[in-house]
Each structure stands twice: as structure tokens, then as C-alpha cells.
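Chemist: mmCIF, C-alpha atoms, saved as coords_11.cif, coming up:
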data_start
loop_
_atom_site.group_PDB
_atom_site.id
_atom_site.type_symbol
_atom_site.label_atom_id
_atom_site.label_comp_id
_atom_site.auth_asym_id
_atom_site.auth_seq_id
_atom_site.Cartn_x
_atom_site.Cartn_y
_atom_site.Cartn_z
ATOM 1 C CA MET A 1 -21.498 -67.120 -14.664
ATOM 2 C CA ARG A 2 -24.424 -66.938 -17.043
ATOM 3 C CA LEU A 3 -26.852 -69.552 -15.743
ATOM 4 C CA ASP A 4 -30.062 -67.569 -16.219
ATOM 5 C CA ASN A 5 -31.365 -69.984 -18.842
ATOM 6 C CA ASP A 6 -30.413 -73.129 -16.932
ATOM 7 C CA LYS A 7 -32.883 -75.165 -14.945
ATOM 8 C CA GLU A 8 -32.624 -75.811 -11.232
ATOM 9 C CA SER A 9 -31.856 -79.337 -10.106
ATOM 10 C CA GLN A 10 -34.717 -81.229 -8.507
ATOM 11 C CA ASN A 11 -32.307 -83.378 -6.502
ATOM 12 C CA ILE A 12 -32.376 -81.050 -3.515
ATOM 13 C CA GLU A 13 -33.119 -81.895 0.096
ATOM 14 C CA ASP A 14 -33.614 -78.695 2.067
ATOM 15 C CA ARG A 15 -33.040 -79.171 5.797
ATOM 16 C CA ARG A 16 -32.481 -75.513 6.614
ATOM 17 C CA GLY A 17 -34.454 -74.437 9.609
ATOM 18 C CA GLN A 18 -34.301 -77.929 11.090
ATOM 19 C CA ARG A 19 -32.437 -77.890 14.386
ATOM 20 C CA TYR A 20 -30.155 -80.854 14.928
ATOM 21 C CA ARG A 21 -30.766 -81.928 18.545
ATOM 22 C CA GLY A 22 -27.803 -84.266 18.682
ATOM 23 C CA GLY A 23 -25.455 -81.767 17.087
ATOM 24 C CA ALA A 24 -22.080 -80.503 18.091
ATOM 25 C CA SER A 25 -21.229 -77.666 20.386
ATOM 26 C CA LYS A 26 -19.709 -74.403 19.255
ATOM 27 C CA ARG A 27 -16.285 -75.400 20.477
ATOM 28 C CA LYS A 28 -13.679 -74.526 17.858
ATOM 29 C CA ILE A 29 -11.993 -77.429 16.133
ATOM 30 C CA SER A 30 -8.309 -77.386 15.200
ATOM 31 C CA VAL A 31 -7.147 -78.026 11.662
ATOM 32 C CA ILE A 32 -6.058 -81.528 12.747
ATOM 33 C CA GLY A 33 -9.520 -82.123 14.156
ATOM 34 C CA PHE A 34 -10.989 -80.832 10.915
ATOM 35 C CA ILE A 35 -8.924 -83.347 8.953
ATOM 36 C CA ILE A 36 -10.012 -86.159 11.302
ATOM 37 C CA LEU A 37 -13.663 -85.275 10.727
ATOM 38 C CA LEU A 38 -13.156 -85.375 6.952
ATOM 39 C CA ILE A 39 -11.408 -88.735 7.113
ATOM 40 C CA GLY A 40 -14.259 -90.058 9.216
ATOM 41 C CA ALA A 41 -16.809 -88.832 6.695
ATOM 42 C CA TYR A 42 -14.839 -90.508 3.899
ATOM 43 C CA TYR A 43 -14.956 -93.872 5.671
ATOM 44 C CA GLY A 44 -18.504 -93.441 6.948
ATOM 45 C CA VAL A 45 -17.486 -93.161 10.601
ATOM 46 C CA ASP A 46 -18.477 -90.390 13.010
ATOM 47 C CA LEU A 47 -15.211 -89.259 14.636
ATOM 48 C CA SER A 48 -16.478 -86.047 16.185
ATOM 49 C CA GLY A 49 -16.052 -87.440 19.690
ATOM 50 C CA ILE A 50 -12.316 -87.825 19.085
ATOM 51 C CA VAL A 51 -11.821 -84.150 18.255
ATOM 52 C CA GLY A 52 -13.619 -82.911 21.332
ATOM 53 C CA THR A 53 -17.071 -82.011 20.082
ATOM 54 C CA ASP A 54 -20.003 -82.814 22.334
ATOM 55 C CA LEU A 55 -22.591 -84.706 20.334
ATOM 56 C CA GLN A 56 -25.095 -84.607 23.169
ATOM 57 C CA SER A 57 -25.299 -80.828 23.398
ATOM 58 C CA ASN A 58 -27.584 -78.756 21.237
ATOM 59 C CA TYR A 59 -25.989 -77.087 18.239
ATOM 60 C CA GLN A 60 -27.161 -73.541 17.643
ATOM 61 C CA SER A 61 -26.684 -73.022 13.923
ATOM 62 C CA LYS A 62 -25.950 -69.742 12.226
ATOM 63 C CA SER A 63 -29.235 -68.058 11.428
ATOM 64 C CA ILE A 64 -30.285 -67.361 7.883
ATOM 65 C CA ASN A 65 -31.249 -63.942 9.206
ATOM 66 C CA GLU A 66 -27.544 -63.121 9.548
ATOM 67 C CA ARG A 67 -27.460 -63.009 5.782
ATOM 68 C CA SER A 68 -29.920 -61.000 3.790
ATOM 69 C CA SER A 69 -32.808 -62.988 2.375
ATOM 70 C CA GLU A 70 -31.768 -61.784 -1.071
ATOM 71 C CA GLU A 71 -28.231 -63.194 -0.686
ATOM 72 C CA GLU A 72 -29.576 -66.449 0.726
ATOM 73 C CA GLN A 73 -31.960 -66.860 -2.200
ATOM 74 C CA SER A 74 -29.200 -66.026 -4.661
ATOM 75 C CA LEU A 75 -26.846 -68.675 -3.217
ATOM 76 C CA ASP A 76 -29.699 -71.179 -3.054
ATOM 77 C CA MET A 77 -30.536 -70.669 -6.721
ATOM 78 C CA LEU A 78 -26.862 -70.742 -7.743
ATOM 79 C CA ALA A 79 -26.297 -74.071 -5.967
ATOM 80 C CA ARG A 80 -29.355 -75.616 -7.594
ATOM 81 C CA LYS A 81 -28.412 -74.422 -11.071
ATOM 82 C CA VAL A 82 -24.794 -75.491 -10.733
ATOM 83 C CA LEU A 83 -25.929 -78.947 -9.644
ATOM 84 C CA TYR A 84 -28.202 -79.131 -12.695
ATOM 85 C CA THR A 85 -25.289 -78.324 -15.021
ATOM 86 C CA THR A 86 -23.247 -81.133 -13.449
ATOM 87 C CA GLU A 87 -26.148 -83.538 -13.948
ATOM 88 C CA ARG A 88 -26.376 -82.582 -17.595
ATOM 89 C CA ILE A 89 -22.637 -82.708 -18.293
ATOM 90 C CA TRP A 90 -21.824 -85.907 -16.404
ATOM 91 C CA GLY A 91 -25.041 -87.555 -17.550
ATOM 92 C CA ARG A 92 -23.952 -87.013 -21.140
ATOM 93 C CA PHE A 93 -20.445 -88.374 -20.489
ATOM 94 C CA PHE A 94 -21.778 -91.529 -18.851
ATOM 95 C CA GLN A 95 -24.324 -92.068 -21.632
ATOM 96 C CA GLU A 96 -21.667 -91.678 -24.330
ATOM 97 C CA ASN A 97 -19.646 -94.379 -22.593
ATOM 98 C CA GLY A 98 -22.499 -96.839 -22.197
ATOM 99 C CA MET A 99 -23.110 -96.138 -18.524
ATOM 100 C CA ILE A 100 -25.928 -94.703 -16.444
ATOM 101 C CA TYR A 101 -25.257 -91.685 -14.253
ATOM 102 C CA HIS A 102 -27.195 -91.837 -11.016
ATOM 103 C CA GLU A 103 -27.483 -88.228 -9.894
ATOM 104 C CA PRO A 104 -26.473 -87.244 -6.350
ATOM 105 C CA THR A 105 -28.707 -85.325 -3.949
ATOM 106 C CA LEU A 106 -27.632 -81.947 -2.599
ATOM 107 C CA VAL A 107 -28.592 -81.461 1.044
ATOM 108 C CA LEU A 108 -28.816 -77.848 2.204
ATOM 109 C CA TYR A 109 -28.524 -77.576 5.973
ATOM 110 C CA GLN A 110 -27.479 -75.249 8.762
ATOM 111 C CA GLY A 111 -24.856 -75.959 11.389
ATOM 112 C CA ALA A 112 -25.115 -79.715 11.759
ATOM 113 C CA THR A 113 -27.105 -82.585 10.309
ATOM 114 C CA GLN A 114 -27.190 -86.373 10.389
ATOM 115 C CA THR A 115 -25.680 -88.213 7.423
ATOM 116 C CA ALA A 116 -24.992 -91.849 6.600
ATOM 117 C CA CYS A 117 -21.326 -90.986 7.248
ATOM 118 C CA GLY A 118 -21.966 -89.668 10.746
ATOM 119 C CA VAL A 119 -22.746 -86.139 11.903
ATOM 120 C CA GLY A 120 -22.094 -83.514 9.256
ATOM 121 C CA GLN A 121 -21.002 -80.114 10.527
ATOM 122 C CA SER A 122 -20.602 -76.793 8.770
ATOM 123 C CA VAL A 123 -17.065 -76.537 10.181
ATOM 124 C CA MET A 124 -16.155 -79.378 7.804
ATOM 125 C CA GLY A 125 -17.139 -77.323 4.779
ATOM 126 C CA PRO A 126 -19.055 -78.917 1.893
ATOM 127 C CA PHE A 127 -18.530 -82.680 1.737
ATOM 128 C CA TYR A 128 -19.731 -85.794 -0.058
ATOM 129 C CA CYS A 129 -20.896 -88.950 1.707
ATOM 130 C CA PRO A 130 -20.395 -91.982 -0.572
ATOM 131 C CA ILE A 131 -22.686 -94.156 1.550
ATOM 132 C CA ASP A 132 -25.876 -92.170 0.931
ATOM 133 C CA GLN A 133 -24.517 -90.489 -2.248
ATOM 134 C CA LYS A 134 -25.406 -87.023 -0.993
ATOM 135 C CA ILE A 135 -23.522 -83.742 -1.024
ATOM 136 C CA TYR A 136 -23.895 -81.690 2.154
ATOM 137 C CA LEU A 137 -23.682 -77.909 1.959
ATOM 138 C CA ASP A 138 -24.219 -75.138 4.487
ATOM 139 C CA LEU A 139 -24.583 -71.974 2.392
ATOM 140 C CA SER A 140 -22.706 -70.046 5.072
ATOM 141 C CA PHE A 141 -19.559 -71.600 3.567
ATOM 142 C CA TYR A 142 -19.727 -68.860 0.957
ATOM 143 C CA GLU A 143 -19.011 -66.372 3.741
ATOM 144 C CA ASP A 144 -16.045 -68.482 4.854
ATOM 145 C CA MET A 145 -14.754 -68.437 1.283
ATOM 146 C CA LYS A 146 -15.140 -64.690 1.033
ATOM 147 C CA TYR A 147 -13.792 -63.594 4.405
ATOM 148 C CA GLN A 148 -11.492 -66.389 5.571
ATOM 149 C CA LEU A 149 -10.224 -67.960 2.357
ATOM 150 C CA LYS A 150 -10.311 -64.711 0.350
ATOM 151 C CA ALA A 151 -11.886 -66.537 -2.578
ATOM 152 C CA SER A 152 -15.274 -65.218 -3.630
ATOM 153 C CA GLY A 153 -17.431 -65.136 -6.730
ATOM 154 C CA ASP A 154 -20.106 -67.359 -8.226
ATOM 155 C CA PHE A 155 -17.722 -69.521 -10.250
ATOM 156 C CA ALA A 156 -15.492 -70.035 -7.197
ATOM 157 C CA PHE A 157 -18.533 -71.280 -5.271
ATOM 158 C CA ALA A 158 -19.552 -73.397 -8.250
ATOM 159 C CA TYR A 159 -16.076 -74.976 -8.314
ATOM 160 C CA VAL A 160 -16.567 -76.145 -4.722
ATOM 161 C CA ILE A 161 -19.848 -77.843 -5.634
ATOM 162 C CA ALA A 162 -18.332 -79.330 -8.792
ATOM 163 C CA HIS A 163 -15.476 -80.752 -6.700
ATOM 164 C CA GLU A 164 -17.931 -82.581 -4.431
ATOM 165 C CA VAL A 165 -19.798 -83.843 -7.493
ATOM 166 C CA GLY A 166 -16.389 -85.081 -8.649
ATOM 167 C CA HIS A 167 -16.339 -87.364 -5.608
ATOM 168 C CA HIS A 168 -19.740 -88.688 -6.640
ATOM 169 C CA VAL A 169 -18.381 -89.395 -10.128
ATOM 170 C CA GLN A 170 -15.574 -91.348 -8.452
ATOM 171 C CA GLN A 171 -18.153 -93.343 -6.531
ATOM 172 C CA GLN A 172 -20.136 -94.047 -9.702
ATOM 173 C CA LEU A 173 -17.010 -95.210 -11.535
ATOM 174 C CA GLY A 174 -15.935 -97.520 -8.705
ATOM 175 C CA ILE A 175 -12.851 -95.435 -7.918
ATOM 176 C CA THR A 176 -13.959 -94.649 -4.373
ATOM 177 C CA GLN A 177 -14.290 -98.301 -3.454
ATOM 178 C CA LYS A 178 -10.848 -99.168 -4.851
ATOM 179 C CA THR A 179 -9.106 -96.301 -3.087
ATOM 180 C CA GLN A 180 -10.777 -97.146 0.226
ATOM 181 C CA VAL A 181 -9.418 -100.683 -0.028
ATOM 182 C CA ALA A 182 -5.984 -99.280 -0.874
ATOM 183 C CA GLN A 183 -6.080 -96.967 2.148
ATOM 184 C CA HIS A 184 -7.074 -99.786 4.478
ATOM 185 C CA SER A 185 -4.131 -101.791 3.130
ATOM 186 C CA ALA A 186 -1.654 -98.923 3.379
ATOM 187 C CA ARG A 187 1.494 -99.611 5.396
ATOM 188 C CA ASN A 188 1.093 -96.497 7.513
ATOM 189 C CA LYS A 189 -0.866 -93.282 7.909
ATOM 190 C CA ILE A 190 1.508 -91.344 5.659
ATOM 191 C CA ASP A 191 0.847 -93.702 2.740
ATOM 192 C CA ALA A 192 -2.887 -93.586 3.434
ATOM 193 C CA ASN A 193 -2.765 -89.794 3.368
ATOM 194 C CA LYS A 194 -1.012 -89.863 -0.013
ATOM 195 C CA ILE A 195 -3.876 -91.935 -1.422
ATOM 196 C CA SER A 196 -6.352 -89.441 0.011
ATOM 197 C CA VAL A 197 -4.481 -86.605 -1.713
ATOM 198 C CA SER A 198 -4.715 -88.429 -5.043
ATOM 199 C CA VAL A 199 -8.463 -88.855 -4.598
ATOM 200 C CA GLU A 200 -8.939 -85.157 -3.854
ATOM 201 C CA LEU A 201 -6.782 -84.017 -6.757
ATOM 202 C CA GLN A 202 -8.760 -86.210 -9.133
ATOM 203 C CA ALA A 203 -11.976 -84.604 -7.863
ATOM 204 C CA ASP A 204 -10.388 -81.214 -8.624
ATOM 205 C CA CYS A 205 -9.595 -82.454 -12.116
ATOM 206 C CA PHE A 206 -13.180 -83.642 -12.594
ATOM 207 C CA ALA A 207 -14.328 -80.189 -11.468
ATOM 208 C CA GLY A 208 -12.079 -78.781 -14.178
ATOM 209 C CA VAL A 209 -13.666 -81.063 -16.792
ATOM 210 C CA TRP A 210 -17.056 -79.680 -15.778
ATOM 211 C CA GLY A 211 -15.639 -76.141 -15.983
ATOM 212 C CA HIS A 212 -14.337 -76.812 -19.492
ATOM 213 C CA GLN A 213 -17.808 -77.752 -20.685
ATOM 214 C CA ILE A 214 -19.340 -74.700 -19.022
ATOM 215 C CA GLN A 215 -16.723 -72.557 -20.747
ATOM 216 C CA GLN A 216 -17.436 -74.178 -24.114
ATOM 217 C CA GLU A 217 -21.113 -73.374 -23.665
ATOM 218 C CA GLY A 218 -20.220 -69.699 -23.280
ATOM 219 C CA LYS A 219 -21.510 -69.480 -19.727
ATOM 220 C CA LEU A 220 -18.392 -67.927 -18.211
ATOM 221 C CA GLU A 221 -17.787 -64.228 -17.830
ATOM 222 C CA SER A 222 -14.584 -62.236 -17.487
ATOM 223 C CA GLY A 223 -12.797 -63.115 -14.254
ATOM 224 C CA ASP A 224 -14.715 -66.331 -13.600
ATOM 225 C CA VAL A 225 -11.791 -68.675 -14.266
ATOM 226 C CA GLU A 226 -9.521 -66.583 -12.050
ATOM 227 C CA GLU A 227 -12.093 -66.876 -9.248
ATOM 228 C CA ALA A 228 -11.969 -70.653 -9.446
ATOM 229 C CA PHE A 229 -8.161 -70.606 -9.518
ATOM 230 C CA LEU A 230 -8.110 -68.601 -6.291
ATOM 231 C CA ALA A 231 -10.588 -70.992 -4.686
ATOM 232 C CA ALA A 232 -8.529 -74.053 -5.660
ATOM 233 C CA GLU A 233 -5.388 -72.503 -4.201
ATOM 234 C CA ALA A 234 -7.179 -71.307 -1.060
ATOM 235 C CA VAL A 235 -8.117 -74.842 0.046
ATOM 236 C CA GLY A 236 -4.640 -76.339 -0.264
ATOM 237 C CA ASP A 237 -3.475 -78.226 2.833
ATOM 238 C CA ASP A 238 -0.304 -76.162 3.105
ATOM 239 C CA ARG A 239 -2.135 -72.845 3.085
ATOM 240 C CA LEU A 240 -4.848 -73.998 5.499
ATOM 241 C CA GLN A 241 -2.308 -75.442 7.930
ATOM 242 C CA GLN A 242 -0.208 -72.287 7.815
ATOM 243 C CA GLN A 243 -3.258 -70.151 8.504
ATOM 244 C CA ASN A 244 -4.614 -72.324 11.316
ATOM 245 C CA GLN A 245 -1.519 -73.538 13.143
ATOM 246 C CA GLY A 246 1.340 -71.439 11.813
ATOM 247 C CA ARG A 247 3.265 -74.375 10.371
ATOM 248 C CA VAL A 248 3.001 -76.933 7.607
ATOM 249 C CA ILE A 249 3.142 -80.720 8.087
ATOM 250 C CA PRO A 250 3.378 -82.342 4.619
ATOM 251 C CA ASP A 251 2.952 -85.913 5.894
ATOM 252 C CA SER A 252 -0.478 -84.973 7.241
ATOM 253 C CA PHE A 253 -1.769 -83.626 3.917
ATOM 254 C CA THR A 254 -5.037 -85.232 2.805
ATOM 255 C CA HIS A 255 -6.139 -82.866 0.012
ATOM 256 C CA GLY A 256 -2.941 -81.644 -1.645
ATOM 257 C CA THR A 257 -1.020 -78.390 -1.721
ATOM 258 C CA SER A 258 -2.391 -75.177 -3.191
ATOM 259 C CA LYS A 259 -0.138 -75.665 -6.207
ATOM 260 C CA GLN A 260 -1.295 -79.241 -6.751
ATOM 261 C CA ARG A 261 -4.978 -78.398 -6.420
ATOM 262 C CA LEU A 262 -4.665 -75.583 -8.934
ATOM 263 C CA GLU A 263 -2.658 -77.724 -11.363
ATOM 264 C CA TRP A 264 -5.182 -80.573 -11.344
ATOM 265 C CA PHE A 265 -8.132 -78.230 -11.737
ATOM 266 C CA GLN A 266 -6.367 -76.581 -14.672
ATOM 267 C CA LYS A 267 -5.598 -80.002 -16.127
ATOM 268 C CA GLY A 268 -9.281 -80.871 -16.376
ATOM 269 C CA LEU A 269 -10.245 -77.363 -17.430
ATOM 270 C CA GLN A 270 -7.853 -77.372 -20.377
ATOM 271 C CA ALA A 271 -8.561 -80.906 -21.597
ATOM 272 C CA GLY A 272 -12.263 -81.285 -20.879
ATOM 273 C CA ASP A 273 -11.645 -85.037 -20.840
ATOM 274 C CA PRO A 274 -12.060 -87.134 -17.664
ATOM 275 C CA ASN A 275 -9.432 -89.551 -18.968
ATOM 276 C CA VAL A 276 -6.680 -87.042 -18.177
ATOM 277 C CA CYS A 277 -7.686 -87.265 -14.511
ATOM 278 C CA GLN A 278 -6.453 -90.797 -13.944
ATOM 279 C CA ILE A 279 -4.670 -91.404 -10.639
#
Output the file's structure in the form of C-alpha cells.

Modeler:
Amino acid sequence: MRLDNDKESQNIEDRRGQRYRGGASKRKISVIGFIILLIGAYYGVDLSGIVGTDLQSNYQSKSINERSSEEEQSLDMLARKVLYTTERIWGRFFQENGMIYHEPTLVLYQGATQTACGVGQSVMGPFYCPIDQKIYLDLSFYEDMKYQLKASGDFAFAYVIAHEVGHHVQQQLGITQKTQVAQHSARNKIDANKISVSVELQADCFAGVWGHQIQQEGKLESGDVEEAFLAAEAVGDDRLQQQNQGRVIPDSFTHGTSKQRLEWFQKGLQAGDPNVCQI
């Protein structure tokens, strides 16, 4: 990506280096536990106790020293610049439609941190809390993308941030509130999960809309789009479940299959119009 001439967002809250005393232990969490944590964050409830994490023990976060200072600074700058591009692009869309875009805050942290949606943990990956309208990101997730998900590159990382911003756009448009009501009214967990999948796929589509604008501005380089495609496929429920537990349980999907996530990202990328992302 060519973001050299872009500004860095000022909506950054840097909590790196702050040790979370009430954080979680290093105990590994299963993919089901991971999904429970995400659902809890979506509803603003801390469910870490259910999945077996000890909130009273001290969480020892991964040290920045484990990554070179140069790589850390590069990821830091990339995240800030990507966030700025989302502010510019979504700010313009809202203004053109007679609305005001209230920009989200990106919180950089290590290991674990307190959020309005409960305890945020790096094991959850980047996530958005609709209650405090903040995106939480541990930069070590880039290493997870590279080594565990096999999806690396600056545009792949940017896609992840743009997806979380997509959830903020949903919150700003009132979509989040409506879907939460629908989930609470769902007949069973399977139906509630289907609604969750729709919400996630729309966020992928919104990320694609952002990508379209970046592409139109000539900021993409050869291979960038392919990087994002790999990232979208890598975080599909089916692929993650297969990798973590050796089997796939479709009724438990909350984010969509690899195929679906790629299709919805491509949908937004090709159209560049948020209206094609309706769910």
C-alpha cells in the first residue's frame, strides 16, 4: 500500500506497556471459547469466566521486545494511517448523505485490557466494542496472521482494521442496535448465530467499500488485493474450526465461511457502494 502521503489518525489510545492486573491467565482457549468471548464482547458482557480464564490472575502480555522496534513502529504507523483513511472515506460518505460520522478510537494494547464490553484479550483478535465505540488491537495479531493464518502483508492487515471500522459504521447507522434486538428475539441459538454471520459479512462488505476507494486513489500495489483475499478466507469459521478442532460445525458459525467472507469483501470492493452491503 502507498500510504506515505497520508496522515496518521489522532484517534489513538495507546495502552501498550500498561499491565492489566485483572487480566486473564495464559491458559489456552478453545475455538468454542473464542466464539463465546466474541459474542460476549458483541453484547457488552464479560464471558471470560465461562471459558475458563482466571480474571484474578495477572496476565503477562507478549513483550514488544519480542518484535523488533522497527517492525513495531512500522505496524503502529500502518494502523494509524489506515484508520485515517477510513475516517476520510466514511466521513465523506456520511456527509454526502446528510449525516455526521463520529470517528471511532483505536486502542493499541498488549495481552489484555479493560473495555466497556468486558475484558479484551489478544486471543480474541482485533474487535470492536459498540458500547464505547472503540476498536481494540494488539499488534501481535499481525504475527498470528503471518504464521498461523498464513495471511500477511500490509493490505491484509489493513483489511482487518477496515472490517472492525465496518462494525463502527454499522453502529453509526443504527444497524447494530437492530440486529442485537433481532438476536435477543431469535427462536434459538442457531438463528441467533445466523444473524451474527450476516452482521460480520456486512462488515466485510464495508471493508471492501473502503478498499474500493483506496484502489481508486491509486494507493494499492501489485499483490495487495490478493493479500486481502487471503486474509478474508483465512478467518472463515469453517477454516478456523477445522484448524482448531479438526471438524466443522456449521450451526455454530458466527462470522461466515471462508467463501462467504471473501464473496462479501469482493462485493464491496467491486461496487464501492455501501448500499450493496444490505443484509

Chemist: Using the chain letters and numbers from this file, what does the PyMOL selection byres ((chain A and resi 78) around 9) select? Give the answer as a VMD selection string.

Modeler: chain A and resid 3 8 73 to 77 79 to 83 154 157 to 158

Chemist: Neighbours of Val165 (chain A) within 12 Å (only C-alpha atoms; same-chain residues fewer than 5 positions away dropped), as a PyMOL selection string?

Modeler: chain A and resi 79+82-87+89-91+101-106+126-130+133-137+158-160+170-172+200+202-210

Chemist: Could you please determine the separation between CA of Ala228 (chain A) and CA of Phe253 (chain A) in Å, to one decimal place?

Modeler: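 Atom-to-atom, CA of Ala228 (chain A) to CA of Phe253 (chain A), that is 21.2 Å.
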
Chemist: For a quick check of your reading of the model, name the residues lying within 12 Å of the coordinate (-9.1, -77.4, -23.7), counting all atoms listed in the file, and write them as a PDB file with C-alpha atoms, keeping the file's coordinate frame.

Modeler:
ATOM      1  CA  GLY A 208     -12.079 -78.781 -14.178  1.00  0.00           C
ATOM      2  CA  VAL A 209     -13.666 -81.063 -16.792  1.00  0.00           C
ATOM      3  CA  TRP A 210     -17.056 -79.680 -15.778  1.00  0.00           C
ATOM      4  CA  GLY A 211     -15.639 -76.141 -15.983  1.00  0.00           C
ATOM      5  CA  HIS A 212     -14.337 -76.812 -19.492  1.00  0.00           C
ATOM      6  CA  GLN A 213     -17.808 -77.752 -20.685  1.00  0.00           C
ATOM      7  CA  ILE A 214     -19.340 -74.700 -19.022  1.00  0.00           C
ATOM      8  CA  GLN A 215     -16.723 -72.557 -20.747  1.00  0.00           C
ATOM      9  CA  GLN A 216     -17.436 -74.178 -24.114  1.00  0.00           C
ATOM     10  CA  GLN A 266      -6.367 -76.581 -14.672  1.00  0.00           C
ATOM     11  CA  LYS A 267      -5.598 -80.002 -16.127  1.00  0.00           C
ATOM     12  CA  GLY A 268      -9.281 -80.871 -16.376  1.00  0.00           C
ATOM     13  CA  LEU A 269     -10.245 -77.363 -17.430  1.00  0.00           C
ATOM     14  CA  GLN A 270      -7.853 -77.372 -20.377  1.00  0.00           C
ATOM     15  CA  ALA A 271      -8.561 -80.906 -21.597  1.00  0.00           C
ATOM     16  CA  GLY A 272     -12.263 -81.285 -20.879  1.00  0.00           C
ATOM     17  CA  ASP A 273     -11.645 -85.037 -20.840  1.00  0.00           C
ATOM     18  CA  PRO A 274     -12.060 -87.134 -17.664  1.00  0.00           C
ATOM     19  CA  VAL A 276      -6.680 -87.042 -18.177  1.00  0.00           C
TER      20      VAL A 276
END

Chemist: Enumerate, as a list in words, the residues matched when the PyMOL selection byres ((chain A and resi 193-196) around 8) is run on the file above.

Modeler: Thr179, Ala182, Gln183, Lys189, Ile190, Asp191, Ala192, Val197, Ser198, Val199, Glu200, Asp251, Ser252, Phe253, Thr254 and His255 of chain A

Chemist: Quick one: everything within 8 Å of region 114-116 of chain A, counting only C-alpha atoms, minus sequence neighbours fewer than 6 positions away in the same chain. Send it as a list in words.

Modeler: Tyr20, Gly44, Cys129, Ile131 and Asp132 of chain A

Chemist: Grab the CA of Pro250 (chain A) to CA of Tyr142 (chain A) distance for me, in Å with one decimal place.

Modeler: 27.0 Å

Chemist: Compare A:Ile249, A:Cys117, A:Ala162, A:Cys277 by their minimum atom-to-atom distance to Glu263 (chain A), counting only C-alpha atoms, and give me the closest one.

Modeler: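 For Glu263 (chain A), the nearest of the given residues is A:Cys277.
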
Chemist: Check the smallest atom-to-atom distance from each of A:Leu230, A:Phe155, A:Gly120, A:Glu96 to Lys259 (chain A) using all atoms listed in the file, then report the winner.

Modeler: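 Using all atoms listed in the file, the shortest distance to Lys259 (chain A) belongs to A:Leu230.
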
Chemist: So which residues get picked by the PyMOL selection byres ((chain A and resi 143-153) around 10) here, written as a ChimeraX atom specification?

Modeler: /A:1,67,123,125,139-142,154-158,160,223-224,226-235,239-240,243

Chemist: Nearest residue to Asp6 (chain A) out of A:Arg88, A:Arg187, A:Glu221, A:Ser122, using only C-alpha atoms?

Modeler: A:Arg88

Chemist: Between A:Val181, A:Val169, A:Met99, A:Leu108, which has the minimum distance to Gly17 (chain A) (counting all atoms listed in the file)?

Modeler: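 Once distances to Gly17 (chain A) are computed over all atoms listed in the file, the minimum belongs to A:Leu108.
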